[in-house]
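K.L.:
File name start.cif; file contents mmCIF, C-alpha atoms and all ligand atoms; full text below.
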data_structure
loop_
_atom_site.label_atom_id
_atom_site.label_comp_id
_atom_site.auth_asym_id
_atom_site.auth_seq_id
_atom_site.Cartn_x
_atom_site.Cartn_y
_atom_site.Cartn_z
CA MET A 581 -114.52 -99.06 18.14
CA GLY A 582 -111.98 -96.25 18.13
CA VAL A 583 -110.61 -94.12 15.30
CA TYR A 584 -107.64 -91.81 15.21
CA MET A 585 -107.04 -89.44 12.30
CA PRO A 586 -103.85 -87.33 12.26
CA GLU A 587 -104.42 -83.59 12.43
CA ARG A 588 -102.72 -82.39 9.26
CA ARG A 589 -105.02 -82.10 6.22
CA LEU A 590 -103.63 -82.33 2.68
CA THR A 591 -106.17 -80.96 0.21
CA ASN A 592 -106.37 -81.40 -3.54
CA ALA A 593 -105.37 -77.72 -3.79
CA ASP A 594 -102.19 -78.52 -1.83
CA LEU A 595 -101.43 -81.35 -4.29
CA GLU A 596 -101.87 -78.96 -7.24
CA ARG A 597 -98.79 -77.20 -5.89
CA LEU A 598 -96.80 -80.46 -5.64
CA VAL A 599 -97.48 -82.27 -8.94
CA GLU A 600 -99.17 -81.60 -12.27
CA THR A 601 -102.75 -82.38 -11.25
CA SER A 602 -106.02 -80.60 -10.55
CA ASP A 603 -108.73 -80.68 -7.93
CA GLU A 604 -111.17 -81.38 -10.74
CA TRP A 605 -109.22 -84.47 -11.97
CA ILE A 606 -108.84 -85.91 -8.47
CA ARG A 607 -112.50 -85.33 -7.52
CA THR A 608 -113.98 -86.72 -10.72
CA ARG A 609 -111.57 -89.66 -11.22
CA THR A 610 -111.43 -90.76 -7.54
CA GLY A 611 -113.96 -88.95 -5.31
CA ILE A 612 -111.18 -87.78 -2.95
CA VAL A 613 -111.05 -84.16 -1.74
CA GLU A 614 -108.60 -84.29 1.15
CA ARG A 615 -106.61 -86.78 3.20
CA ARG A 616 -104.80 -86.73 6.57
CA LEU A 617 -101.04 -86.93 7.03
CA ALA A 618 -99.28 -88.14 10.16
CA ALA A 619 -96.58 -85.94 11.66
CA PRO A 620 -92.99 -86.93 10.78
CA GLU A 621 -92.32 -88.18 14.31
CA GLU A 622 -95.59 -90.19 14.46
CA ALA A 623 -95.06 -93.88 13.69
CA THR A 624 -97.79 -96.29 12.60
CA SER A 625 -97.82 -97.77 16.13
CA ASP A 626 -98.52 -94.28 17.57
CA LEU A 627 -101.60 -93.95 15.35
CA ALA A 628 -102.62 -97.50 16.30
CA VAL A 629 -102.26 -96.85 20.04
CA LYS A 630 -104.44 -93.72 19.91
CA ALA A 631 -107.21 -95.64 18.13
CA ALA A 632 -106.82 -98.67 20.44
CA GLU A 633 -107.09 -96.58 23.62
CA LYS A 634 -110.43 -95.23 22.39
CA ALA A 635 -111.66 -98.72 21.41
CA ILE A 636 -110.82 -100.20 24.83
CA VAL A 637 -112.76 -97.39 26.57
CA ASP A 638 -115.65 -97.81 24.10
CA ALA A 639 -115.76 -101.57 24.77
CA GLY A 640 -116.00 -100.92 28.52
CA ILE A 641 -113.19 -103.32 29.33
CA SER A 642 -109.76 -102.84 30.85
CA LYS A 643 -106.39 -103.39 29.16
CA GLU A 644 -105.91 -106.55 31.25
CA ASP A 645 -108.95 -108.07 29.53
CA ILE A 646 -107.26 -108.06 26.08
CA ASP A 647 -105.89 -111.52 25.31
CA LEU A 648 -104.71 -111.14 21.69
CA VAL A 649 -103.50 -108.21 19.55
CA ILE A 650 -103.41 -108.16 15.75
CA VAL A 651 -102.31 -105.14 13.70
CA ALA A 652 -103.06 -104.93 9.97
CA THR A 653 -100.60 -102.68 8.17
CA VAL A 654 -98.31 -102.40 5.14
CA THR A 655 -96.47 -99.50 6.77
CA PRO A 656 -95.04 -101.16 9.90
CA ASP A 657 -92.80 -99.10 12.18
CA GLN A 658 -90.00 -101.42 10.96
CA THR A 659 -89.84 -104.94 9.47
CA PHE A 660 -89.47 -106.37 12.95
CA PRO A 661 -90.31 -106.17 15.82
CA SER A 662 -93.87 -106.27 14.55
CA THR A 663 -96.04 -103.19 14.93
CA ALA A 664 -98.36 -105.34 17.08
CA CYS A 665 -95.49 -105.85 19.55
CA HIS A 666 -94.89 -102.08 19.66
CA VAL A 667 -98.61 -101.55 20.27
CA GLN A 668 -98.65 -104.19 23.02
CA ALA A 669 -95.74 -102.46 24.78
CA LYS A 670 -96.98 -98.87 24.31
CA LEU A 671 -100.44 -99.76 25.60
CA GLY A 672 -98.96 -101.73 28.52
CA LEU A 673 -100.97 -104.85 27.71
CA ARG A 674 -100.31 -108.18 29.40
CA THR A 675 -97.22 -110.07 28.23
CA ASP A 676 -98.85 -113.51 28.33
CA ILE A 677 -100.79 -112.73 25.14
CA PRO A 678 -99.78 -113.10 21.47
CA ALA A 679 -99.24 -110.06 19.25
CA PHE A 680 -98.67 -110.25 15.50
CA ASP A 681 -99.07 -108.30 12.26
CA MET A 682 -101.33 -109.09 9.31
CA VAL A 683 -100.03 -108.16 5.85
CA ALA A 684 -102.91 -108.14 3.39
CA ALA A 685 -102.73 -104.51 2.24
CA CYS A 686 -106.19 -102.94 1.78
CA SER A 687 -107.89 -106.25 2.67
CA GLY A 688 -106.03 -106.31 6.01
CA PHE A 689 -109.05 -105.52 8.16
CA ILE A 690 -111.24 -108.21 6.63
CA TYR A 691 -108.44 -110.80 6.79
CA MET A 692 -107.62 -109.88 10.41
CA MET A 693 -111.27 -109.97 11.40
CA GLN A 694 -111.62 -113.50 10.08
CA VAL A 695 -108.50 -114.69 11.94
CA ALA A 696 -109.82 -113.09 15.15
CA ASN A 697 -113.26 -114.62 14.53
CA HIS A 698 -111.82 -118.12 14.31
CA MET A 699 -109.54 -117.65 17.32
CA LEU A 700 -112.55 -116.48 19.36
CA ARG A 701 -114.72 -119.34 18.14
CA ALA A 702 -111.99 -121.90 18.89
CA GLY A 703 -112.48 -120.89 22.50
CA ASP A 704 -108.99 -119.88 23.62
CA TYR A 705 -109.55 -116.12 23.48
CA LYS A 706 -112.25 -113.79 24.81
CA ASN A 707 -111.34 -110.19 23.85
CA VAL A 708 -109.28 -109.61 20.73
CA LEU A 709 -107.91 -106.16 19.89
CA ILE A 710 -107.67 -105.73 16.11
CA VAL A 711 -106.07 -102.54 14.85
CA ALA A 712 -105.70 -101.28 11.28
CA ALA A 713 -103.08 -98.54 11.09
CA GLU A 714 -101.30 -96.98 8.14
CA LYS A 715 -98.80 -94.21 7.56
CA LEU A 716 -98.99 -94.49 3.78
CA SER A 717 -97.50 -91.01 3.43
CA SER A 718 -94.18 -92.67 4.38
CA ILE A 719 -94.21 -94.91 1.27
CA VAL A 720 -95.79 -92.55 -1.27
CA ASN A 721 -93.66 -91.14 -4.09
CA TRP A 722 -94.58 -87.46 -3.82
CA GLU A 723 -93.38 -86.88 -7.40
CA ASP A 724 -95.74 -89.50 -8.91
CA ARG A 725 -99.11 -87.90 -9.63
CA THR A 726 -100.68 -91.26 -10.48
CA THR A 727 -100.39 -92.44 -6.85
CA CYS A 728 -99.62 -89.53 -4.51
CA VAL A 729 -103.12 -88.05 -4.83
CA LEU A 730 -104.77 -91.26 -3.66
CA PHE A 731 -103.53 -92.19 -0.22
CA GLY A 732 -103.88 -90.98 3.37
CA ASP A 733 -102.93 -91.93 6.95
CA GLY A 734 -105.13 -93.09 9.83
CA ALA A 735 -105.97 -95.83 12.30
CA ALA A 736 -109.02 -97.71 13.56
CA ALA A 737 -109.26 -100.27 16.36
CA TYR A 738 -111.99 -102.71 17.33
CA VAL A 739 -112.40 -105.02 20.28
CA LEU A 740 -114.02 -108.27 19.17
CA THR A 741 -115.57 -110.20 22.02
CA LYS A 742 -116.77 -113.76 22.23
CA CYS A 743 -120.52 -113.92 21.99
CA ASN A 744 -122.65 -117.04 22.35
CA GLU A 745 -125.82 -115.67 20.76
CA PRO A 746 -126.60 -117.30 17.40
CA TYR A 747 -126.96 -115.22 14.20
CA VAL A 748 -125.17 -112.20 15.74
CA GLY A 749 -121.75 -110.78 14.89
CA ILE A 750 -119.72 -112.20 12.00
CA LEU A 751 -122.10 -114.42 10.03
CA GLY A 752 -119.85 -115.27 7.11
CA ASN A 753 -116.70 -114.41 5.27
CA ILE A 754 -115.10 -115.05 1.90
CA LEU A 755 -111.43 -114.32 1.29
CA GLY A 756 -109.32 -114.62 -1.85
CA ALA A 757 -105.80 -113.96 -3.12
CA ASP A 758 -103.89 -114.03 -6.42
CA GLY A 759 -100.16 -113.57 -6.02
CA SER A 760 -99.56 -114.00 -9.75
CA GLN A 761 -100.76 -110.41 -10.30
CA GLY A 762 -98.85 -108.86 -7.41
CA GLU A 763 -96.62 -106.84 -9.75
CA LEU A 764 -99.50 -104.44 -10.47
CA LEU A 765 -99.42 -102.99 -6.95
CA LYS A 766 -96.24 -103.28 -4.94
CA LEU A 767 -93.47 -101.73 -2.88
CA PRO A 768 -90.45 -103.10 -4.77
CA ALA A 769 -87.46 -102.71 -2.44
CA GLY A 770 -86.47 -103.02 1.18
CA GLY A 771 -87.07 -106.77 1.50
CA SER A 772 -84.79 -109.77 0.91
CA LEU A 773 -85.23 -109.58 -2.88
CA HIS A 774 -83.99 -106.00 -3.20
CA PRO A 775 -82.40 -104.90 0.07
CA ALA A 776 -81.94 -101.16 0.50
CA SER A 777 -79.08 -99.82 -1.59
CA TYR A 778 -78.03 -96.53 -3.11
CA GLU A 779 -79.77 -97.59 -6.35
CA THR A 780 -83.07 -98.57 -4.70
CA VAL A 781 -83.22 -95.21 -2.96
CA ARG A 782 -82.26 -93.28 -6.11
CA GLU A 783 -84.91 -95.12 -8.16
CA LYS A 784 -87.54 -94.50 -5.45
CA GLU A 785 -88.11 -98.25 -5.10
CA HIS A 786 -89.01 -97.83 -1.44
CA CYS A 787 -92.21 -96.16 -2.61
CA LEU A 788 -95.48 -97.75 -3.60
CA GLN A 789 -96.03 -98.40 -7.35
CA MET A 790 -99.39 -99.13 -8.97
CA GLN A 791 -100.79 -99.78 -12.45
CA GLY A 792 -104.05 -98.12 -11.39
CA ASN A 793 -106.05 -98.76 -14.51
CA GLN A 794 -105.52 -102.54 -14.46
CA VAL A 795 -106.00 -102.73 -10.68
CA PHE A 796 -109.32 -100.92 -11.11
CA LYS A 797 -110.86 -103.62 -13.30
CA ILE A 798 -109.70 -106.52 -11.12
CA ALA A 799 -110.94 -104.72 -7.98
CA VAL A 800 -114.45 -104.35 -9.41
CA ARG A 801 -114.60 -107.96 -10.58
CA THR A 802 -113.25 -109.62 -7.42
CA MET A 803 -115.20 -107.50 -4.90
CA SER A 804 -118.46 -107.96 -6.80
CA ASP A 805 -117.88 -111.69 -7.16
CA CYS A 806 -117.10 -112.33 -3.49
CA CYS A 807 -120.05 -110.18 -2.31
CA LEU A 808 -122.45 -112.17 -4.50
CA ARG A 809 -120.97 -115.51 -3.39
CA LEU A 810 -121.12 -114.49 0.29
CA LEU A 811 -124.78 -113.44 0.07
CA GLU A 812 -125.60 -116.78 -1.54
CA LYS A 813 -123.55 -118.72 1.02
CA CYS A 814 -125.34 -116.95 3.91
CA ASN A 815 -128.73 -117.20 2.20
CA VAL A 816 -129.22 -113.43 2.41
CA SER A 817 -130.76 -111.34 -0.38
CA ALA A 818 -129.38 -107.99 -1.51
CA ASP A 819 -132.42 -106.11 -0.24
CA GLN A 820 -131.88 -107.43 3.31
CA ILE A 821 -128.56 -105.55 3.49
CA LYS A 822 -128.84 -102.30 5.45
CA CYS A 823 -125.39 -100.90 4.57
CA VAL A 824 -122.36 -101.84 2.51
CA ILE A 825 -118.99 -100.62 3.81
CA PRO A 826 -116.56 -100.92 0.89
CA HIS A 827 -112.85 -100.25 0.75
CA GLN A 828 -112.51 -96.53 0.02
CA ALA A 829 -110.16 -96.48 -2.98
CA ASN A 830 -112.22 -94.91 -5.73
CA LEU A 831 -115.83 -93.76 -5.97
CA ARG A 832 -116.07 -95.14 -9.52
CA ILE A 833 -115.03 -98.61 -8.27
CA ILE A 834 -117.74 -98.46 -5.60
CA ASP A 835 -120.32 -97.33 -8.16
CA ALA A 836 -119.40 -100.24 -10.46
CA VAL A 837 -119.57 -102.79 -7.60
CA ALA A 838 -122.99 -101.40 -6.54
CA ARG A 839 -124.31 -102.00 -10.04
CA GLN A 840 -122.81 -105.51 -10.27
CA ILE A 841 -124.25 -106.70 -6.95
CA ARG A 842 -127.53 -104.81 -7.45
CA ILE A 843 -127.45 -102.91 -4.17
CA PRO A 844 -128.26 -99.19 -4.61
CA LEU A 845 -125.31 -96.81 -4.18
CA GLU A 846 -127.31 -94.98 -1.46
CA LYS A 847 -126.76 -98.02 0.80
CA PHE A 848 -122.97 -97.73 0.44
CA CYS A 849 -121.20 -95.83 3.22
CA ILE A 850 -118.60 -93.52 1.68
CA ASN A 851 -116.16 -91.16 3.38
CA MET A 852 -113.16 -91.21 1.04
CA GLU A 853 -113.63 -87.52 0.24
CA LYS A 854 -112.21 -86.77 3.71
CA THR A 855 -109.72 -89.64 4.12
CA GLY A 856 -108.40 -90.76 0.75
CA ASN A 857 -107.42 -94.41 0.50
CA THR A 858 -106.15 -95.46 3.94
CA SER A 859 -105.58 -99.10 2.92
CA ALA A 860 -106.47 -101.53 5.77
CA CYS A 861 -108.02 -98.67 7.79
CA SER A 862 -110.55 -97.54 5.24
CA ILE A 863 -113.34 -100.00 6.13
CA PRO A 864 -113.05 -99.74 9.94
CA ILE A 865 -112.79 -95.92 9.85
CA CYS A 866 -115.87 -95.69 7.62
CA MET A 867 -117.80 -98.27 9.66
CA GLU A 868 -117.18 -96.40 12.92
CA GLU A 869 -118.18 -93.08 11.40
CA SER A 870 -121.31 -94.56 9.80
CA TYR A 871 -122.39 -96.24 13.03
CA ARG A 872 -121.94 -93.01 15.04
CA ALA A 873 -123.95 -91.18 12.35
CA GLY A 874 -126.83 -93.64 12.91
CA LYS A 875 -126.66 -95.26 9.47
CA PHE A 876 -127.13 -98.71 11.03
CA GLY A 877 -127.79 -100.21 14.44
CA PRO A 878 -128.58 -103.39 16.36
CA GLY A 879 -129.98 -106.20 14.23
CA ASP A 880 -128.91 -104.69 10.89
CA LEU A 881 -127.04 -106.70 8.28
CA ILE A 882 -123.79 -105.01 7.16
CA LEU A 883 -121.70 -106.14 4.21
CA LEU A 884 -117.98 -105.27 4.11
CA THR A 885 -115.83 -105.72 1.02
CA ALA A 886 -112.19 -104.99 0.26
CA PHE A 887 -109.54 -105.36 -2.42
CA GLY A 888 -105.82 -104.70 -2.17
CA GLY A 889 -102.22 -105.44 -2.99
CA GLY A 890 -101.21 -109.07 -3.22
CA PHE A 891 -103.74 -109.26 -4.74
CA THR A 892 -106.03 -109.94 -1.81
CA TRP A 893 -109.77 -109.44 -1.49
CA GLY A 894 -112.72 -110.44 0.60
CA ALA A 895 -116.21 -109.82 1.93
CA THR A 896 -117.66 -110.15 5.42
CA LEU A 897 -121.29 -110.26 6.51
CA ILE A 898 -122.08 -108.92 9.98
CA ARG A 899 -125.29 -108.75 11.98
CA TRP A 900 -124.70 -105.75 14.25
CA LYS A 901 -125.26 -106.47 17.94
O1 LIG B 1 -106.46 -99.71 -2.64
C1 LIG B 1 -105.88 -100.75 -3.37
C2 LIG B 1 -106.43 -100.89 -4.69
N1 LIG B 1 -106.27 -99.70 -5.45
C3 LIG B 1 -107.25 -99.32 -6.25
O2 LIG B 1 -108.29 -99.93 -6.24
C4 LIG B 1 -107.00 -98.19 -7.20
C5 LIG B 1 -107.55 -98.56 -8.56
N2 LIG B 1 -107.31 -97.58 -9.58
C6 LIG B 1 -107.86 -96.34 -9.62
O3 LIG B 1 -108.52 -95.92 -8.70
C7 LIG B 1 -107.70 -95.53 -10.87
O4 LIG B 1 -107.16 -96.35 -11.90
C8 LIG B 1 -106.80 -94.26 -10.70
C9 LIG B 1 -107.53 -93.21 -9.87
C10 LIG B 1 -105.51 -94.65 -10.02
C11 LIG B 1 -106.50 -93.66 -12.07
O5 LIG B 1 -107.71 -93.36 -12.76
P1 LIG B 1 -107.91 -93.84 -14.27
O6 LIG B 1 -109.21 -93.33 -14.70
O7 LIG B 1 -107.70 -95.33 -14.28
O8 LIG B 1 -106.78 -93.05 -15.00
P2 LIG B 1 -105.60 -93.61 -15.92
O9 LIG B 1 -104.57 -94.27 -15.07
O10 LIG B 1 -106.19 -94.40 -17.05
O11 LIG B 1 -105.03 -92.27 -16.50
C12 LIG B 1 -105.82 -91.42 -17.32
C13 LIG B 1 -105.04 -90.14 -17.59
C14 LIG B 1 -103.60 -90.39 -18.01
O12 LIG B 1 -103.26 -89.42 -18.98
P3 LIG B 1 -103.24 -89.79 -20.55
O13 LIG B 1 -102.23 -90.91 -20.66
O14 LIG B 1 -104.64 -90.22 -20.86
O15 LIG B 1 -102.81 -88.51 -21.18
C15 LIG B 1 -102.82 -90.13 -16.75
O16 LIG B 1 -101.49 -89.71 -17.00
O17 LIG B 1 -104.97 -89.37 -16.38
C16 LIG B 1 -103.62 -89.01 -16.14
N3 LIG B 1 -103.44 -88.88 -14.70
C17 LIG B 1 -103.61 -87.72 -14.04
N4 LIG B 1 -103.96 -86.49 -14.45
C18 LIG B 1 -104.06 -85.53 -13.52
C19 LIG B 1 -103.09 -89.85 -13.81
N5 LIG B 1 -103.03 -89.33 -12.56
C20 LIG B 1 -103.34 -88.02 -12.69
C21 LIG B 1 -103.46 -86.96 -11.76
N6 LIG B 1 -103.82 -85.73 -12.22
N7 LIG B 1 -103.24 -87.13 -10.43
#
Step by step, read the file and then write its structure as structure tokens.
Ligand code: UT7
P.N.:
Amino acid sequence: MGVYMPERRLTNADLERLVETSDEWIRTRTGIVERRLAAPEEATSDLAVKAAEKAIVDAGISKEDIDLVIVATVTPDQTFPSTACHVQAKLGLRTDIPAFDMVAACSGFIYMMQVANHMLRAGDYKNVLIVAAEKLSSIVNWEDRTTCVLFGDGAAAYVLTKCNEPYVGILGNILGADGSQGELLKLPAGGSLHPASYETVREKEHCLQMQGNQVFKIAVRTMSDCCLRLLEKCNVSADQIKCVIPHQANLRIIDAVARQIRIPLEKFCINMEKTGNTSACSIPICMEESYRAGKFGPGDLILLTAFGGGFTWGATLIRWK
């Protein structure tokens, strides 16, 4: 595992000077206190590379051992080449390996993990580098108080390695999507539907838009539902779970999910007060930090759950090796 957080901190007090908001509103409505911002010249692939270099060292392998790269992001360096291709080149990885991006917004890590899991199990790959990286500050409308207080930048990389031991690693996974509700959380322009124009720039349509209140309710329902279904599918009871690592969007969402799935909030790992919502990165950043802090270890059952734009959602059950 490797995490990279940009140096610059943006506090709630800083945001009070930008838009009509207050530290008190942001803390009580979201749980966020500060977030990190990448430097203007830092691209998403730069954040990804810094996290990946740490992960490769942590895994005790060399760059030549990586045989697949996936990058989960909704803030790619550019539409194409993919950010994964930039990462492959910047890291100097082999060129006889595939590299591609995963677009599943805040569920990106869980989606990417499941793809990597199946590619490892199919037998063609041995060490997969999965990287979640986001420079959300590049798509935030800094005049919109309903979204600009929520998001932050960061990156986290993991090396997943083929393992033949039974009941270790990724034990199960449930993914879902509902494109019919995609309008509630979107980046409207810049694609084939609304290519960049003077109007799209003037209307700030290259920035993220969200109907937060409606997204909130669907997030609670879908994350709770897929956690419960996954526990049943894997024949695991709630009290066997050592830690839950949820997507870090809103403390009140996490609290509601904890109540729905009947796992005490104390078992949920939470670090959003320092990071804000880092989309695909939020679970892997929090999982790395929680592991290093000794919150779980070998043999423990860890439940991950995410919800994001698309909509997309999912849950993953891991037995830590
Ligand atoms: O990561 C992908 C998925 N994303 C999520 O899961 C996010 C889900 N949504 C949320 O976390 C919450 O809905 C928000 C934090 C975005 C908003 O919290 P809320 O409790 O749903 O607030 P609201 O949108 O219902 O707005 C309540 C009030 C409004 O004022 P009025 O109309 O009641 O006078 C807003 O204008 O709060 C106002 N408001 C703010 N006030 C101060 C909205 N943003 C702010 C702000 N500072 N930054």
K.L.:
Identify, counting only C-alpha atoms and all ligand atoms, the protein, DNA and RNA residues located within 9 Å of ligand LIG 1 (chain B), and give them as a short mmCIF file (atom, residue, chain, number, x, y, z; two decimals) with C-alpha atoms, keeping the file's coordinate frame.
P.N.:
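Final file, part-v8.cif:
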data_model
loop_
_atom_site.label_atom_id
_atom_site.label_comp_id
_atom_site.auth_asym_id
_atom_site.auth_seq_id
_atom_site.Cartn_x
_atom_site.Cartn_y
_atom_site.Cartn_z
CA LEU A 595 -101.43 -81.35 -4.29
CA GLU A 596 -101.87 -78.96 -7.24
CA VAL A 599 -97.48 -82.27 -8.94
CA GLU A 600 -99.17 -81.60 -12.27
CA THR A 601 -102.75 -82.38 -11.25
CA SER A 602 -106.02 -80.60 -10.55
CA ASP A 603 -108.73 -80.68 -7.93
CA GLU A 604 -111.17 -81.38 -10.74
CA TRP A 605 -109.22 -84.47 -11.97
CA ILE A 606 -108.84 -85.91 -8.47
CA ARG A 609 -111.57 -89.66 -11.22
CA THR A 610 -111.43 -90.76 -7.54
CA GLY A 611 -113.96 -88.95 -5.31
CA ALA A 685 -102.73 -104.51 2.24
CA CYS A 686 -106.19 -102.94 1.78
CA SER A 687 -107.89 -106.25 2.67
CA ASP A 724 -95.74 -89.50 -8.91
CA ARG A 725 -99.11 -87.90 -9.63
CA THR A 726 -100.68 -91.26 -10.48
CA THR A 727 -100.39 -92.44 -6.85
CA CYS A 728 -99.62 -89.53 -4.51
CA VAL A 729 -103.12 -88.05 -4.83
CA LEU A 730 -104.77 -91.26 -3.66
CA PHE A 731 -103.53 -92.19 -0.22
CA LEU A 765 -99.42 -102.99 -6.95
CA MET A 790 -99.39 -99.13 -8.97
CA GLN A 791 -100.79 -99.78 -12.45
CA GLY A 792 -104.05 -98.12 -11.39
CA ASN A 793 -106.05 -98.76 -14.51
CA GLN A 794 -105.52 -102.54 -14.46
CA VAL A 795 -106.00 -102.73 -10.68
CA PHE A 796 -109.32 -100.92 -11.11
CA LYS A 797 -110.86 -103.62 -13.30
CA ILE A 798 -109.70 -106.52 -11.12
CA ALA A 799 -110.94 -104.72 -7.98
CA VAL A 800 -114.45 -104.35 -9.41
CA HIS A 827 -112.85 -100.25 0.75
CA GLN A 828 -112.51 -96.53 0.02
CA ALA A 829 -110.16 -96.48 -2.98
CA ASN A 830 -112.22 -94.91 -5.73
CA LEU A 831 -115.83 -93.76 -5.97
CA ARG A 832 -116.07 -95.14 -9.52
CA ILE A 833 -115.03 -98.61 -8.27
CA ASN A 857 -107.42 -94.41 0.50
CA THR A 858 -106.15 -95.46 3.94
CA SER A 859 -105.58 -99.10 2.92
CA ALA A 860 -106.47 -101.53 5.77
CA ALA A 886 -112.19 -104.99 0.26
CA PHE A 887 -109.54 -105.36 -2.42
CA GLY A 888 -105.82 -104.70 -2.17
CA GLY A 889 -102.22 -105.44 -2.99
CA PHE A 891 -103.74 -109.26 -4.74
#
K.L.:
So that I can see what lies close to Ala664 (chain A), please list as a PyMOL selection string the residues with an atom at most 6 Å from it, counting only C-alpha atoms and leaving out residues fewer than 6 positions away in the same chain.
P.N.:
chain A and resi 650-651+679-681
K.L.:
Figure out the distance between CA of Cys866 (chain A) and CA of Leu598 (chain A), please, to one decimal in Å.
P.N.:
27.8 Å
K.L.:
When you draw a straight line from CA of Phe848 (chain A) to CA of Ile825 (chain A), how long is it in Å?
P.N.:
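One can read the CA of Phe848 (chain A) to CA of Ile825 (chain A) distance as 6.0 Å.
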K.L.:
In Å to one decimal, how far is CA of Ile690 (chain A) from CA of Ser760 (chain A)?
P.N.:
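Value for the CA of Ser760 (chain A)-CA of Ile690 (chain A) distance: 20.9 Å.
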K.L.:
Pick out the closest residue to Ala669 (chain A) from this set: A:Asn697, A:Ser625, A:Ser777, A:Thr655. Count all atoms listed in the file.
P.N.:
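Closest to Ala669 (chain A), using all atoms listed in the file: A:Ser625.
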K.L.:
As a PyMOL selection string, please: the residues near region 867-873 of chain A (cut-off 8 Å, only C-alpha atoms, same-chain neighbours under 4 positions excluded).
P.N.:
chain A and resi 581-583+825+849+863+877
K.L.:
Got a sec: who's within 9 Å of Gln789 (chain A), counting all atoms listed in the file, leaving out chain neighbours fewer than 6 positions off, as a list of chain:residue names?
P.N.:
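The residues satisfying every condition are A:Val720, A:Asn721, A:Thr727, A:Glu763, A:Leu764, A:Leu765, A:Lys766, A:Leu767, A:Pro768.
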